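Reproduced below: query_22.txt, with compact mmCIF, C-alpha atoms and all ligand atoms.
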```txt
# COMPACT_ATOMS: atom_id res chain seq x y z
CA MET A 20 0.00 0.00 0.00
CA THR A 21 1.27 3.47 -0.86
CA LEU A 22 0.51 6.13 1.72
CA SER A 23 1.31 9.77 1.24
CA ILE A 24 1.79 11.06 4.77
CA PRO A 25 2.99 14.55 5.76
CA ASP A 26 6.51 14.54 7.21
CA TYR A 27 5.29 16.19 10.39
CA ILE A 28 2.88 13.31 11.03
CA LEU A 29 5.62 10.73 10.47
CA ALA A 30 7.77 12.65 12.96
CA ILE A 31 5.29 12.01 15.79
CA GLU A 32 6.46 9.50 18.34
CA PRO A 33 3.37 7.36 19.07
CA TYR A 34 2.07 7.62 22.64
CA LYS A 35 2.84 4.41 24.51
CA PRO A 36 0.06 3.74 26.97
CA GLY A 37 0.73 1.44 29.91
CA LYS A 38 -0.51 -2.06 29.15
CA PRO A 39 -3.90 -2.98 30.60
CA ILE A 40 -3.65 -4.73 33.93
CA GLU A 41 -5.32 -7.92 32.57
CA GLU A 42 -2.77 -8.18 29.75
CA LEU A 43 0.19 -7.83 32.12
CA GLU A 44 -1.21 -10.40 34.52
CA ARG A 45 -1.68 -12.88 31.67
CA GLU A 46 1.83 -12.27 30.28
CA HIS A 47 3.51 -12.71 33.62
CA GLY A 48 1.30 -15.43 35.00
CA ILE A 49 0.38 -13.32 38.02
CA GLY A 50 -2.92 -12.31 39.61
CA ASP A 51 -3.81 -9.70 42.18
CA SER A 52 -1.41 -7.13 40.78
CA VAL A 53 -1.12 -3.54 41.95
CA LYS A 54 -1.14 -0.69 39.40
CA LEU A 55 0.56 2.52 40.48
CA ALA A 56 1.55 3.59 36.97
CA SER A 57 -1.10 5.98 35.65
CA ASN A 58 -1.86 8.35 38.56
CA GLU A 59 -5.41 7.04 38.82
CA ASN A 60 -7.69 7.29 41.85
CA PRO A 61 -7.07 4.24 44.08
CA LEU A 62 -10.58 4.53 45.58
CA GLY A 63 -12.28 3.95 42.23
CA PRO A 64 -15.00 6.20 40.84
CA SER A 65 -17.26 8.37 42.99
CA PRO A 66 -20.35 6.32 43.99
CA LYS A 67 -22.55 9.31 43.14
CA ALA A 68 -21.09 9.37 39.63
CA LEU A 69 -21.77 5.65 39.23
CA ALA A 70 -25.40 6.10 40.28
CA ALA A 71 -25.90 9.01 37.86
CA ILE A 72 -24.35 7.02 35.01
CA GLY A 73 -26.72 4.14 35.77
CA GLU A 74 -29.70 6.46 35.57
CA HIS A 75 -28.65 7.66 32.13
CA LEU A 76 -28.11 4.26 30.52
CA ALA A 77 -31.65 4.10 29.15
CA THR A 78 -31.09 7.26 27.08
CA LEU A 79 -28.06 5.90 25.20
CA HIS A 80 -30.00 5.82 21.91
CA ARG A 81 -30.03 9.64 22.02
CA TYR A 82 -27.13 11.89 21.11
CA PRO A 83 -25.62 13.70 24.07
CA ASP A 84 -26.32 17.37 24.75
CA GLY A 85 -23.76 18.82 22.34
CA GLY A 86 -23.65 22.04 24.34
CA GLY A 87 -23.04 20.23 27.64
CA PHE A 88 -25.56 22.57 29.26
CA ALA A 89 -26.01 21.03 32.73
CA LEU A 90 -22.35 20.21 33.37
CA THR A 91 -21.15 23.55 32.03
CA ALA A 92 -23.67 25.43 34.19
CA LYS A 93 -22.52 23.50 37.25
CA LEU A 94 -18.88 24.28 36.55
CA ALA A 95 -19.65 27.95 35.91
CA ALA A 96 -21.44 28.18 39.27
CA LYS A 97 -18.63 26.34 41.08
CA TYR A 98 -15.99 28.78 39.82
CA GLY A 99 -18.12 31.91 39.60
CA ILE A 100 -17.41 32.35 35.89
CA ALA A 101 -19.49 32.62 32.71
CA ALA A 102 -20.60 29.36 31.09
CA SER A 103 -19.25 30.84 27.84
CA ALA A 104 -15.73 30.53 29.31
CA ILE A 105 -15.92 26.72 29.47
CA VAL A 106 -15.20 24.16 26.76
CA LEU A 107 -15.86 20.50 27.57
CA GLY A 108 -13.62 17.79 26.14
CA ASN A 109 -13.44 14.04 25.67
CA GLY A 110 -10.84 14.16 28.42
CA SER A 111 -8.68 17.27 28.74
CA ASP A 112 -6.54 15.65 26.00
CA ASP A 113 -9.33 16.66 23.63
CA VAL A 114 -9.07 20.31 24.69
CA ILE A 115 -5.29 20.18 24.14
CA VAL A 116 -5.93 19.00 20.58
CA MET A 117 -8.57 21.70 20.00
CA LEU A 118 -6.14 24.38 21.17
CA SER A 119 -3.46 23.21 18.75
CA ARG A 120 -5.91 22.99 15.85
CA ALA A 121 -7.41 26.40 16.56
CA LEU A 122 -4.24 28.35 17.30
CA LEU A 123 -1.39 26.85 15.29
CA ARG A 124 -0.56 27.18 11.61
CA PRO A 125 2.05 24.92 9.97
CA GLY A 126 5.44 26.38 10.91
CA ASP A 127 4.20 28.11 14.05
CA GLU A 128 5.98 27.32 17.30
CA ALA A 129 4.70 26.07 20.64
CA LEU A 130 6.87 26.10 23.76
CA LEU A 131 6.78 22.88 25.78
CA PRO A 132 8.62 21.97 28.97
CA ARG A 133 10.54 18.69 28.80
CA PRO A 134 9.94 16.27 30.30
CA SER A 135 6.24 16.92 30.64
CA PHE A 136 2.93 15.50 29.45
CA LEU A 137 3.43 13.83 26.07
CA MET A 138 0.11 14.95 24.58
CA TYR A 139 1.33 18.53 24.11
CA ALA A 140 3.97 17.56 21.54
CA ILE A 141 1.66 15.09 19.78
CA SER A 142 -1.06 17.72 19.34
CA VAL A 143 1.36 20.42 18.19
CA GLN A 144 3.06 18.15 15.67
CA SER A 145 -0.23 16.83 14.33
CA VAL A 146 -1.05 20.24 12.84
CA GLY A 147 2.40 20.78 11.33
CA ALA A 148 3.56 23.24 13.99
CA ARG A 149 6.95 23.01 15.68
CA PRO A 150 7.29 21.91 19.30
CA VAL A 151 10.13 23.86 20.96
CA PHE A 152 11.23 21.83 23.97
CA VAL A 153 12.60 23.67 26.99
CA PRO A 154 14.39 21.51 29.61
CA LEU A 155 13.32 21.63 33.26
CA ASN A 156 15.69 23.31 35.71
CA ASP A 157 17.92 21.44 38.17
CA ALA A 158 15.05 21.23 40.67
CA LEU A 159 13.01 19.37 38.00
CA ALA A 160 10.67 22.37 37.79
CA ILE A 161 9.47 24.22 34.68
CA ASP A 162 12.07 26.87 33.82
CA LEU A 163 9.94 29.90 33.00
CA GLU A 164 12.92 32.16 32.33
CA ALA A 165 14.34 29.67 29.83
CA MET A 166 10.92 29.43 28.20
CA ARG A 167 10.66 33.20 27.87
CA GLN A 168 14.05 33.26 26.16
CA ARG A 169 12.84 30.82 23.53
CA VAL A 170 9.97 33.06 22.40
CA THR A 171 10.20 34.07 18.74
CA PRO A 172 7.81 35.92 16.40
CA ARG A 173 6.45 32.45 15.46
CA THR A 174 5.53 31.47 19.02
CA ARG A 175 1.76 31.13 19.40
CA LEU A 176 1.23 28.76 22.30
CA VAL A 177 2.91 27.86 25.62
CA PHE A 178 2.00 24.71 27.52
CA LEU A 179 2.65 24.68 31.28
CA CYS A 180 1.85 21.64 33.40
CA ASN A 181 1.13 22.60 37.01
CA PRO A 182 1.93 20.37 38.88
CA ASN A 183 4.23 18.99 36.22
CA ASN A 184 3.82 15.41 35.13
CA PRO A 185 6.12 13.48 35.68
CA THR A 186 8.12 15.53 38.22
CA GLY A 187 5.37 16.80 40.59
CA THR A 188 6.83 20.31 40.83
CA VAL A 189 4.70 23.47 40.77
CA ILE A 190 4.89 27.02 39.45
CA SER A 191 4.33 29.73 42.06
CA ALA A 192 1.69 32.42 41.57
CA ASP A 193 4.40 35.12 41.59
CA ALA A 194 6.51 33.31 39.02
CA LEU A 195 3.55 32.86 36.69
CA ASP A 196 2.57 36.50 37.09
CA ALA A 197 6.08 37.66 36.15
CA PHE A 198 6.23 35.22 33.24
CA LEU A 199 2.95 36.48 31.78
CA GLN A 200 4.04 40.10 32.10
CA GLY A 201 7.20 39.37 30.12
CA LEU A 202 5.34 37.57 27.32
CA PRO A 203 3.85 39.16 24.16
CA PRO A 204 0.12 39.50 24.91
CA GLU A 205 -1.08 37.53 21.88
CA ILE A 206 0.62 34.29 22.95
CA THR A 207 -1.83 31.81 24.50
CA VAL A 208 -0.62 30.25 27.76
CA VAL A 209 -2.14 26.92 28.78
CA LEU A 210 -2.00 25.79 32.41
CA ASP A 211 -2.73 22.09 32.64
CA GLU A 212 -4.03 21.56 36.17
CA ALA A 213 -4.79 17.82 35.97
CA TYR A 214 -3.41 17.33 39.51
CA ILE A 215 -4.22 20.69 41.11
CA GLU A 216 -6.57 19.12 43.71
CA PHE A 217 -3.59 17.39 45.36
CA VAL A 218 -1.38 20.48 45.75
CA ARG A 219 -0.38 21.37 49.31
CA ALA A 220 1.97 24.28 48.53
CA LEU A 221 0.17 27.50 49.41
CA ASN A 222 2.00 29.63 46.83
CA CYS A 223 1.03 27.44 43.86
CA ALA A 224 -0.30 29.34 40.85
CA ALA A 225 -3.97 28.87 39.91
CA GLY A 226 -4.81 29.50 36.27
CA LEU A 227 -8.28 30.79 37.14
CA ASN A 228 -6.75 33.85 38.82
CA PHE A 229 -5.35 34.86 35.45
CA LEU A 230 -8.58 34.46 33.48
CA ASP A 231 -9.47 38.16 33.44
CA ARG A 232 -6.07 39.66 32.65
CA GLY A 233 -7.04 40.63 29.10
CA ARG A 234 -4.80 37.97 27.61
CA PRO A 235 -5.42 34.39 26.55
CA VAL A 236 -4.77 32.13 29.55
CA VAL A 237 -6.38 28.68 29.46
CA THR A 238 -6.84 26.45 32.51
CA LEU A 239 -7.28 22.73 31.86
CA ARG A 240 -8.99 20.50 34.40
CA THR A 241 -9.96 16.85 34.28
CA PHE A 242 -12.24 14.33 35.98
CA SER A 243 -9.65 11.60 35.31
CA LYS A 244 -7.54 11.93 38.44
CA ALA A 245 -8.95 13.22 41.75
CA TYR A 246 -12.53 12.50 40.62
CA GLY A 247 -11.71 8.91 39.67
CA LEU A 248 -13.30 8.93 36.20
CA ALA A 249 -10.34 8.30 33.85
CA GLY A 250 -12.23 5.67 31.85
CA LEU A 251 -15.19 7.97 31.26
CA ARG A 252 -13.15 10.57 29.30
CA ILE A 253 -14.26 14.00 30.44
CA GLY A 254 -12.29 17.19 31.08
CA TYR A 255 -12.60 20.88 30.28
CA GLY A 256 -10.83 24.12 29.58
CA ILE A 257 -11.58 27.52 31.12
CA MET A 258 -10.59 30.48 28.94
CA PRO A 259 -11.71 33.93 27.80
CA PRO A 260 -15.10 33.48 26.03
CA ALA A 261 -13.68 34.87 22.76
CA LEU A 262 -11.17 32.02 22.68
CA ALA A 263 -13.79 29.47 23.78
CA ALA A 264 -15.90 30.53 20.78
CA ILE A 265 -12.97 29.72 18.50
CA LEU A 266 -12.51 26.29 20.08
CA HIS A 267 -16.19 25.52 19.55
CA ARG A 268 -15.55 25.91 15.80
CA VAL A 269 -13.08 23.02 15.77
CA ARG A 270 -14.77 20.93 18.47
CA GLN A 271 -16.56 17.74 17.45
CA PRO A 272 -20.26 18.48 18.05
CA PHE A 273 -20.73 15.53 20.44
CA ASN A 274 -17.26 15.25 21.93
CA ALA A 275 -18.53 14.81 25.51
CA GLY A 276 -20.68 11.68 25.84
CA SER A 277 -23.94 11.64 27.76
CA LEU A 278 -22.66 9.23 30.43
CA ALA A 279 -19.52 11.33 30.79
CA GLN A 280 -21.55 14.52 31.27
CA ALA A 281 -23.88 12.87 33.79
CA GLY A 282 -21.08 11.17 35.72
CA ALA A 283 -18.97 14.32 35.89
CA ALA A 284 -21.88 16.48 37.07
CA ALA A 285 -22.62 14.01 39.88
CA ALA A 286 -18.94 13.74 40.80
CA LEU A 287 -18.82 17.52 41.25
CA ASP A 288 -21.51 17.14 43.91
CA ASP A 289 -19.60 14.39 45.71
CA GLU A 290 -17.37 16.65 47.78
CA ALA A 291 -16.99 13.98 50.47
CA PHE A 292 -15.48 11.54 47.95
CA LEU A 293 -13.09 14.19 46.66
CA GLN A 294 -11.92 15.06 50.18
CA GLN A 295 -11.55 11.36 51.05
CA THR A 296 -9.41 10.92 47.92
CA ILE A 297 -7.18 13.88 48.75
CA ARG A 298 -6.69 12.69 52.34
CA LEU A 299 -5.87 9.17 51.16
CA VAL A 300 -3.31 10.45 48.65
CA HIS A 301 -1.63 12.76 51.16
CA SER A 302 -1.37 10.13 53.87
CA GLY A 303 -0.25 7.57 51.28
CA LEU A 304 2.53 9.86 50.06
CA ASP A 305 3.67 10.66 53.60
CA ASP A 306 3.72 6.96 54.44
CA LEU A 307 5.63 6.06 51.26
CA PHE A 308 8.21 8.77 51.91
CA ALA A 309 8.78 7.60 55.48
CA ARG A 310 9.24 4.02 54.36
CA LEU A 311 11.56 4.94 51.49
CA ASP A 312 13.63 7.03 53.92
CA ALA A 313 13.86 4.00 56.18
CA ILE A 314 15.34 1.84 53.42
CA GLY A 315 17.58 4.62 52.08
CA VAL A 316 15.87 5.10 48.71
CA ARG A 317 16.09 8.57 47.13
CA TYR A 318 12.87 10.18 45.91
CA PHE A 319 11.72 13.65 44.85
CA PRO A 320 9.16 15.73 46.73
CA THR A 321 5.86 16.22 44.95
CA GLN A 322 2.70 18.33 44.86
CA ALA A 323 0.78 15.74 42.84
CA ASN A 324 -0.47 12.20 43.58
CA PHE A 325 2.70 10.67 42.06
CA PHE A 326 6.43 11.13 42.49
CA LEU A 327 9.79 10.13 41.06
CA ILE A 328 12.17 7.65 42.66
CA ASP A 329 15.87 7.44 41.79
CA VAL A 330 16.54 3.70 41.64
CA ARG A 331 20.26 4.31 40.81
CA THR A 332 20.17 1.60 38.18
CA ASP A 333 18.38 0.88 34.90
CA ALA A 334 14.76 1.91 35.44
CA ASP A 335 13.49 -0.46 32.73
CA ALA A 336 15.08 -3.39 34.58
CA VAL A 337 13.50 -2.28 37.88
CA PHE A 338 10.17 -1.92 36.08
CA ASP A 339 10.46 -5.53 34.79
CA ARG A 340 11.42 -6.93 38.18
CA LEU A 341 8.60 -5.08 39.94
CA LEU A 342 6.23 -6.42 37.30
CA ALA A 343 7.32 -9.95 38.11
CA GLU A 344 6.36 -9.13 41.72
CA GLY A 345 2.94 -7.99 40.53
CA VAL A 346 3.60 -4.27 40.95
CA ILE A 347 3.14 -1.99 37.93
CA VAL A 348 4.98 1.36 37.90
CA ARG A 349 6.25 3.61 35.08
CA SER A 350 9.87 3.63 33.93
CA MET A 351 11.04 7.16 33.15
CA ARG A 352 13.64 6.10 30.57
CA SER A 353 11.54 7.33 27.66
CA TYR A 354 11.12 10.67 29.49
CA GLY A 355 14.91 11.10 29.61
CA TYR A 356 15.42 9.80 33.16
CA PRO A 357 16.98 6.34 32.69
CA HIS A 358 17.38 5.81 36.45
CA TYR A 359 14.00 7.05 37.67
CA ILE A 360 10.63 5.40 38.06
CA ARG A 361 7.31 7.19 38.62
CA VAL A 362 4.79 5.82 41.05
CA ASN A 363 1.45 7.12 42.34
CA ALA A 364 0.05 6.80 45.83
CA GLY A 365 -2.34 3.86 46.13
CA LEU A 366 -4.34 2.25 48.91
CA PRO A 367 -2.32 1.51 52.08
CA ALA A 368 -2.03 -2.20 51.18
CA GLU A 369 -0.91 -1.30 47.62
CA ASN A 370 1.71 1.12 48.91
CA ASP A 371 2.93 -1.59 51.25
CA ARG A 372 3.21 -4.14 48.42
CA PHE A 373 5.14 -1.59 46.36
CA VAL A 374 7.71 -0.63 49.02
CA THR A 375 8.26 -4.24 50.04
CA ALA A 376 8.76 -5.29 46.41
CA LEU A 377 11.01 -2.31 45.64
CA GLY A 378 13.18 -3.09 48.66
CA ARG A 379 13.59 -6.67 47.44
CA VAL A 380 14.29 -5.65 43.85
CA LEU A 381 16.87 -3.01 44.75
CA LYS A 382 18.66 -5.36 47.12
CA ALA A 383 18.95 -7.87 44.27
CA THR A 384 20.42 -5.41 41.75
C1 LIG B 401 -3.72 12.55 33.21
C2 LIG B 401 -3.39 13.88 32.67
C3 LIG B 401 -4.33 14.62 31.98
C4 LIG B 401 -5.74 14.15 31.87
O1 LIG B 401 -6.05 13.76 30.63
P1 LIG B 401 -7.56 13.34 30.35
O2 LIG B 401 -7.59 13.37 28.87
O3 LIG B 401 -8.45 14.37 30.97
O4 LIG B 401 -7.75 11.98 30.95
C5 LIG B 401 -4.00 15.87 31.50
N1 LIG B 401 -2.78 16.38 31.72
C6 LIG B 401 -1.86 15.71 32.41
C7 LIG B 401 -0.56 16.34 32.68
C8 LIG B 401 -2.13 14.43 32.88
O5 LIG B 401 -1.19 13.76 33.54
```
Could you write out this file's structure as structure tokens?
Ligand SMILES: *Cc1c(COP(=O)(O)O)cnc(C)c1O
Amino acid sequence: MTLSIPDYILAIEPYKPGKPIEELEREHGIGDSVKLASNENPLGPSPKALAAIGEHLATLHRYPDGGGFALTAKLAAKYGIAASAIVLGNGSDDVIVMLSRALLRPGDEALLPRPSFLMYAISVQSVGARPVFVPLNDALAIDLEAMRQRVTPRTRLVFLCNPNNPTGTVISADALDAFLQGLPPEITVVLDEAYIEFVRALNCAAGLNFLDRGRPVVTLRTFSKAYGLAGLRIGYGIMPPALAAILHRVRQPFNAGSLAQAGAAAALDDEAFLQQTIRLVHSGLDDLFARLDAIGVRYFPTQANFFLIDVRTDADAVFDRLLAEGVIVRSMRSYGYPHYIRVNAGLPAENDRFVTALGRVLKAT
């Protein structure tokens, strides 16, 4: 077969998702494995979301509300903003893609921290624009000064991940303020806040505080992490209404499914579940850190529900050995950290399995 594919599409490195848990268990002849690889909610989905999804099953022959009226209204009320500032997505990934399609011409540049969330580069490259990667600083944080220095007349878009995946570091409100003031006003700045619910640092920037500054600042939020609905695919962007109107032009008319809209709206009402999740993650992280200290393993502090561990040896090999013990983590080799793994806080018993297995694996290497 002859395919004529644009060079910029062929240049995209395909996203490698973690294998499904069932597949790994079959391959390794294990059962009862623990997955701490994708920063998911260890408690499962919110029970209120599950009930709302159940109630909407009988309407699956209908198209969803393409305007996402109920969920958008709920979000607008929660944040005290106009509904016209909100764009729903099939996961926040979908909003990232809409931003690239709406804002980038072939040859335009987008600034991306590296390492960070892989979807930014994929979306930028898929429209023929150029991803300009800016390394993190020595503290594994996004280097805003280095990013500012890479601005050119072709720069249209800046992606910031706060907290940053995979390093868990945050941008302070002051640092973001200064960065925005030093940036040409027509450049759109995206703050991906997928993990913002877990942040404990009081000085952390919040994208919403920059919504009314007369410049395009977009805040991305998702129901995939703290709300426990990763499989449902629902997220959203908050942005000046003029920019939201542009995104609606490139948005698929029914990009947010009816079950996703219903589940997300109910999850927003389940404040008790959200608080329980945050408490569990914080106590899980504190417990993991104490136990890693006790066995002399070096890790990095975090503001998210995951963190990096320096295993001081080949991370792919540690990943394989942990897998054989029934513990699934993420090797950071493909992110440029050949000696680091990333792990998220799980249930107490899962955290225990992980630390015990890691201790055994590191002793053996
Ligand atoms: C998990 C994650 C998301 C969420 O993506 P969805 O498409 O909403 O599931 C967004 N950004 C980052 C940095 C993430 O880690």
Close residues, A:Glu205 itself excluded, 7 Å, only C-alpha atoms, min 2 positions apart in chain, as a PDB file with C-alpha atoms, in the frame of the given file:
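See out.pdb below for the written result:
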```pdb
ATOM      1  CA  PRO A 203       3.850  39.160  24.160  1.00  0.00           C
ATOM      2  CA  THR A 207      -1.830  31.810  24.500  1.00  0.00           C
ATOM      3  CA  ARG A 234      -4.800  37.970  27.610  1.00  0.00           C
TER       4      ARG A 234
END
```
Counting all atoms listed in the file, which protein, DNA or RNA residues come within 6 Å of ligand LIG 401 (chain B), given as a PDB file with C-alpha atoms, in the coordinates of the input?
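Below you can see out.pdb, which holds the result:
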```pdb
ATOM      1  CA  GLY A 110     -10.840  14.160  28.420  1.00  0.00           C
ATOM      2  CA  SER A 111      -8.680  17.270  28.740  1.00  0.00           C
ATOM      3  CA  ASP A 112      -6.540  15.650  26.000  1.00  0.00           C
ATOM      4  CA  PHE A 136       2.930  15.500  29.450  1.00  0.00           C
ATOM      5  CA  CYS A 180       1.850  21.640  33.400  1.00  0.00           C
ATOM      6  CA  ASN A 184       3.820  15.410  35.130  1.00  0.00           C
ATOM      7  CA  ASP A 211      -2.730  22.090  32.640  1.00  0.00           C
ATOM      8  CA  ALA A 213      -4.790  17.820  35.970  1.00  0.00           C
ATOM      9  CA  THR A 241      -9.960  16.850  34.280  1.00  0.00           C
ATOM     10  CA  SER A 243      -9.650  11.600  35.310  1.00  0.00           C
ATOM     11  CA  ALA A 249     -10.340   8.300  33.850  1.00  0.00           C
ATOM     12  CA  ARG A 252     -13.150  10.570  29.300  1.00  0.00           C
ATOM     13  CA  ILE A 253     -14.260  14.000  30.440  1.00  0.00           C
ATOM     14  CA  GLY A 254     -12.290  17.190  31.080  1.00  0.00           C
TER      15      GLY A 254
END
```
Sort by chain and increasing residue number a table of all residues of stretch 228-323 of chain A within 12 Å of stretch 76-98 of chain A, each with its closest pair of atoms and their distance in Å to one decimal, counting only C-alpha atoms, and write it as a tab-separated table.
```
residue	atom	partner	partner_atom	distance
A:Asn228	CA	A:Tyr98	CA	10.6
A:Leu230	CA	A:Tyr98	CA	11.3
A:Thr238	CA	A:Tyr98	CA	11.9
A:Arg240	CA	A:Leu94	CA	10.8
A:Thr241	CA	A:Leu94	CA	11.8
A:Phe242	CA	A:Leu94	CA	12.0
A:Ile253	CA	A:Leu90	CA	10.6
A:Gly254	CA	A:Leu90	CA	10.8
A:Tyr255	CA	A:Thr91	CA	9.1
A:Gly256	CA	A:Thr91	CA	10.6
A:Ile257	CA	A:Ala95	CA	9.4
A:Met258	CA	A:Ala95	CA	11.7
A:His267	CA	A:Gly86	CA	9.5
A:Arg270	CA	A:Gly85	CA	10.0
A:Gln271	CA	A:Gly85	CA	8.8
A:Pro272	CA	A:Gly85	CA	5.5
A:Phe273	CA	A:Gly85	CA	4.9
A:Asn274	CA	A:Gly85	CA	7.4
A:Ala275	CA	A:Gly85	CA	7.3
A:Gly276	CA	A:Pro83	CA	5.6
A:Ser277	CA	A:Pro83	CA	4.5
A:Leu278	CA	A:Leu76	CA	7.4
A:Ala279	CA	A:Pro83	CA	9.4
A:Gln280	CA	A:Leu90	CA	6.1
A:Ala281	CA	A:Leu90	CA	7.5
A:Gly282	CA	A:Leu90	CA	9.4
A:Ala283	CA	A:Leu90	CA	7.2
A:Ala284	CA	A:Leu90	CA	5.3
A:Ala285	CA	A:Leu90	CA	9.0
A:Ala286	CA	A:Leu90	CA	10.4
A:Leu287	CA	A:Lys93	CA	8.1
A:Asp288	CA	A:Lys93	CA	9.3
A:Glu290	CA	A:Lys97	CA	11.8
```
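Relative to atom CA of A:Val208, atom CA of A:Ile360 is found at 29.2 Å.
The nearest approach to A:Ile28 among the residues A:Ile328, A:Ala336, A:Ala165, A:Val146, with all atoms listed in the file taken into account, belongs to A:Val146.
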